[in-house]
Amino acid sequence: MHIKTEQVERHTLAVIVDNEPGILARIAGLFTARGYNIESLTVSEITADKAVSRITIVTSASPPVMEQIIAQLDRLVPVHKVTDLTVLGDHVERELALVKVSGTGDRRIEALRLAEVYRARVVDATIGSFVFEVTGGIAKIDKFVELMGEVGLVEVARTGIAAISRGAEAA
């Protein structure tokens with residue numbers, strides 16, 4: 001007996017919604033109720049009058065499940081548009097992380113050296129610690145955090161993915 005398994009793929013969705021109370025809870029509830037995982041979630045107002053927001057969701061699913069997720073999101077009343085940036089093609093994804101590192105002597109010097117390599121900025125410093133700000137793709141931030149773990153990592157705060165399609169067209 002041969003069982004066919006669907007390939008699970010990571011997708012970045014841009015969801016344009018009316019900025020109203022409860023919409024984020026409704027979208028998160030849609031994912032939760034169906035057992036879909038949200039790997040990253042960011043929300044921001046995108047119009048001057050603050051009436052419309054963009055929700056960027058990163059999730060992983062097989063193609064049929066992804067179609068179902070998009071269809072279910074599209075059916076929610078305050079949703080204007082759902083765009084699968086992954087399917088659309090080239091897009092830019094970035095994340096910001098604040099990384100707190102403690103240490104003195106050689107460990108402190110090594111943390112600063114690594115920060116320079118990864119183009120991380122020092123946004124706070126004390127005699128015994130630094131807070132670095134690093135931006136970039138997921139892999140870059142993951143690697144920076146991993147390396148800081150070897151020189152005195154204390155804490156990490158990440159924003160989640162912000163993504164936008166390339167070219168002149170809106171998502």
# chains A, B, ... in the order shown; residues from 1 in each chain; ligands from 1
>>> residues_around(residues="Ser40 (chain A)", least_positions_apart="3", cutoff="8 Å", atoms="only C-alpha atoms", output="ChimeraX atom specification")
/A:56-59,160-161
>>> residues_around(residues="region 135-151 of chain A", least_positions_apart="6", cutoff="10 Å", atoms="only C-alpha atoms", output="JSON list (two decimals) with C-alpha atoms, in the first residue's frame")
[["chain", "number", "residue", "atom", "x", "y", "z"],
["A", 92, "VAL", "CA", 10.96, 40.91, 0.65],
["A", 93, "GLU", "CA", 10.75, 39.55, 4.21],
["A", 94, "ARG", "CA", 12.43, 41.21, 7.17],
["A", 95, "GLU", "CA", 12.31, 40.90, 10.93],
["A", 96, "LEU", "CA", 13.75, 42.94, 13.77],
["A", 97, "ALA", "CA", 15.12, 41.43, 16.97],
["A", 98, "LEU", "CA", 16.39, 42.92, 20.20],
["A", 99, "VAL", "CA", 19.08, 40.66, 21.68],
["A", 100, "LYS", "CA", 20.36, 41.17, 25.23],
["A", 101, "VAL", "CA", 23.84, 39.80, 25.94],
["A", 102, "SER", "CA", 25.80, 39.96, 29.19],
["A", 103, "GLY", "CA", 29.48, 39.48, 29.70],
["A", 104, "THR", "CA", 32.79, 41.09, 30.45],
["A", 106, "ASP", "CA", 36.79, 38.58, 26.08],
["A", 107, "ARG", "CA", 33.10, 37.63, 25.96],
["A", 108, "ARG", "CA", 32.15, 41.28, 25.68],
["A", 109, "ILE", "CA", 34.69, 41.86, 22.91],
["A", 110, "GLU", "CA", 33.47, 38.77, 21.03],
["A", 111, "ALA", "CA", 29.82, 39.92, 21.30],
["A", 112, "LEU", "CA", 30.78, 43.29, 19.79],
["A", 114, "LEU", "CA", 29.90, 39.33, 16.10],
["A", 115, "ALA", "CA", 27.48, 42.25, 16.19],
["A", 117, "VAL", "CA", 29.72, 41.09, 11.35],
["A", 118, "TYR", "CA", 25.91, 40.83, 11.50],
["A", 119, "ARG", "CA", 25.44, 44.61, 11.26],
["A", 120, "ALA", "CA", 23.67, 44.69, 14.60],
["A", 121, "ARG", "CA", 23.48, 48.07, 16.33],
["A", 158, "ARG", "CA", 11.45, 39.43, 17.97],
["A", 159, "THR", "CA", 8.92, 41.43, 15.99],
["A", 160, "GLY", "CA", 7.77, 38.76, 13.57],
["A", 161, "ILE", "CA", 7.92, 38.98, 9.80],
["A", 162, "ALA", "CA", 7.09, 42.09, 7.81]]
>>> select_by_dssp(residues="region 132-161 of chain A", states="helix (DSSP H, G or I)", output="VMD selection string")
chain A and resid 138 to 149
>>> write_last_selection(atoms="N, CA, C and O atoms", output="CSV table (one decimal), in the first residue's frame")
chain,number,residue,atom,x,y,z
A,138,ILE,N,14.9,35.7,8.5
A,138,ILE,CA,14.8,34.8,9.6
A,138,ILE,C,16.2,34.0,9.8
A,138,ILE,O,16.6,33.9,11.0
A,139,ALA,N,16.8,33.5,8.8
A,139,ALA,CA,18.0,32.8,9.0
A,139,ALA,C,19.1,33.6,9.6
A,139,ALA,O,19.9,33.1,10.5
A,140,LYS,N,19.2,34.8,9.2
A,140,LYS,CA,20.3,35.7,9.7
A,140,LYS,C,20.0,36.0,11.2
A,140,LYS,O,21.0,35.9,12.0
A,141,ILE,N,18.8,36.2,11.6
A,141,ILE,CA,18.5,36.5,13.0
A,141,ILE,C,18.7,35.2,13.8
A,141,ILE,O,19.3,35.3,14.9
A,142,ASP,N,18.2,34.1,13.3
A,142,ASP,CA,18.4,32.8,14.0
A,142,ASP,C,19.9,32.6,14.3
A,142,ASP,O,20.3,32.2,15.4
A,143,LYS,N,20.7,32.8,13.3
A,143,LYS,CA,22.2,32.5,13.4
A,143,LYS,C,22.8,33.5,14.4
A,143,LYS,O,23.6,33.1,15.2
A,144,PHE,N,22.4,34.8,14.4
A,144,PHE,CA,22.9,35.8,15.3
A,144,PHE,C,22.6,35.4,16.7
A,144,PHE,O,23.4,35.4,17.6
A,145,VAL,N,21.3,35.0,17.0
A,145,VAL,CA,20.9,34.6,18.3
A,145,VAL,C,21.7,33.3,18.7
A,145,VAL,O,22.1,33.3,19.9
A,146,GLU,N,21.9,32.4,17.8
A,146,GLU,CA,22.6,31.2,18.2
A,146,GLU,C,24.0,31.5,18.6
A,146,GLU,O,24.5,31.0,19.6
A,147,LEU,N,24.7,32.4,17.8
A,147,LEU,CA,26.1,32.8,18.2
A,147,LEU,C,26.1,33.6,19.5
A,147,LEU,O,27.1,33.4,20.3
A,148,MET,N,25.2,34.4,19.7
A,148,MET,CA,25.2,35.2,21.0
A,148,MET,C,24.9,34.2,22.2
A,148,MET,O,25.3,34.5,23.3
A,149,GLY,N,24.3,33.1,21.9
A,149,GLY,CA,24.1,32.1,23.0
A,149,GLY,C,25.5,31.6,23.5
A,149,GLY,O,25.6,31.2,24.7
>>> atom_distance(atom1="CA of Ser53 (chain A)", atom2="CA of Phe132 (chain A)")
28.7 Å
>>> atom_distance(atom1="CA of Ile23 (chain A)", atom2="CA of Ile46 (chain A)")
15.2 Å
>>> select_by_dssp(residues="region 3-127 of chain A", states="strand (DSSP E)", output="ChimeraX atom specification")
/A:9-18,38-45,52-61,79-84,91-102,121-125
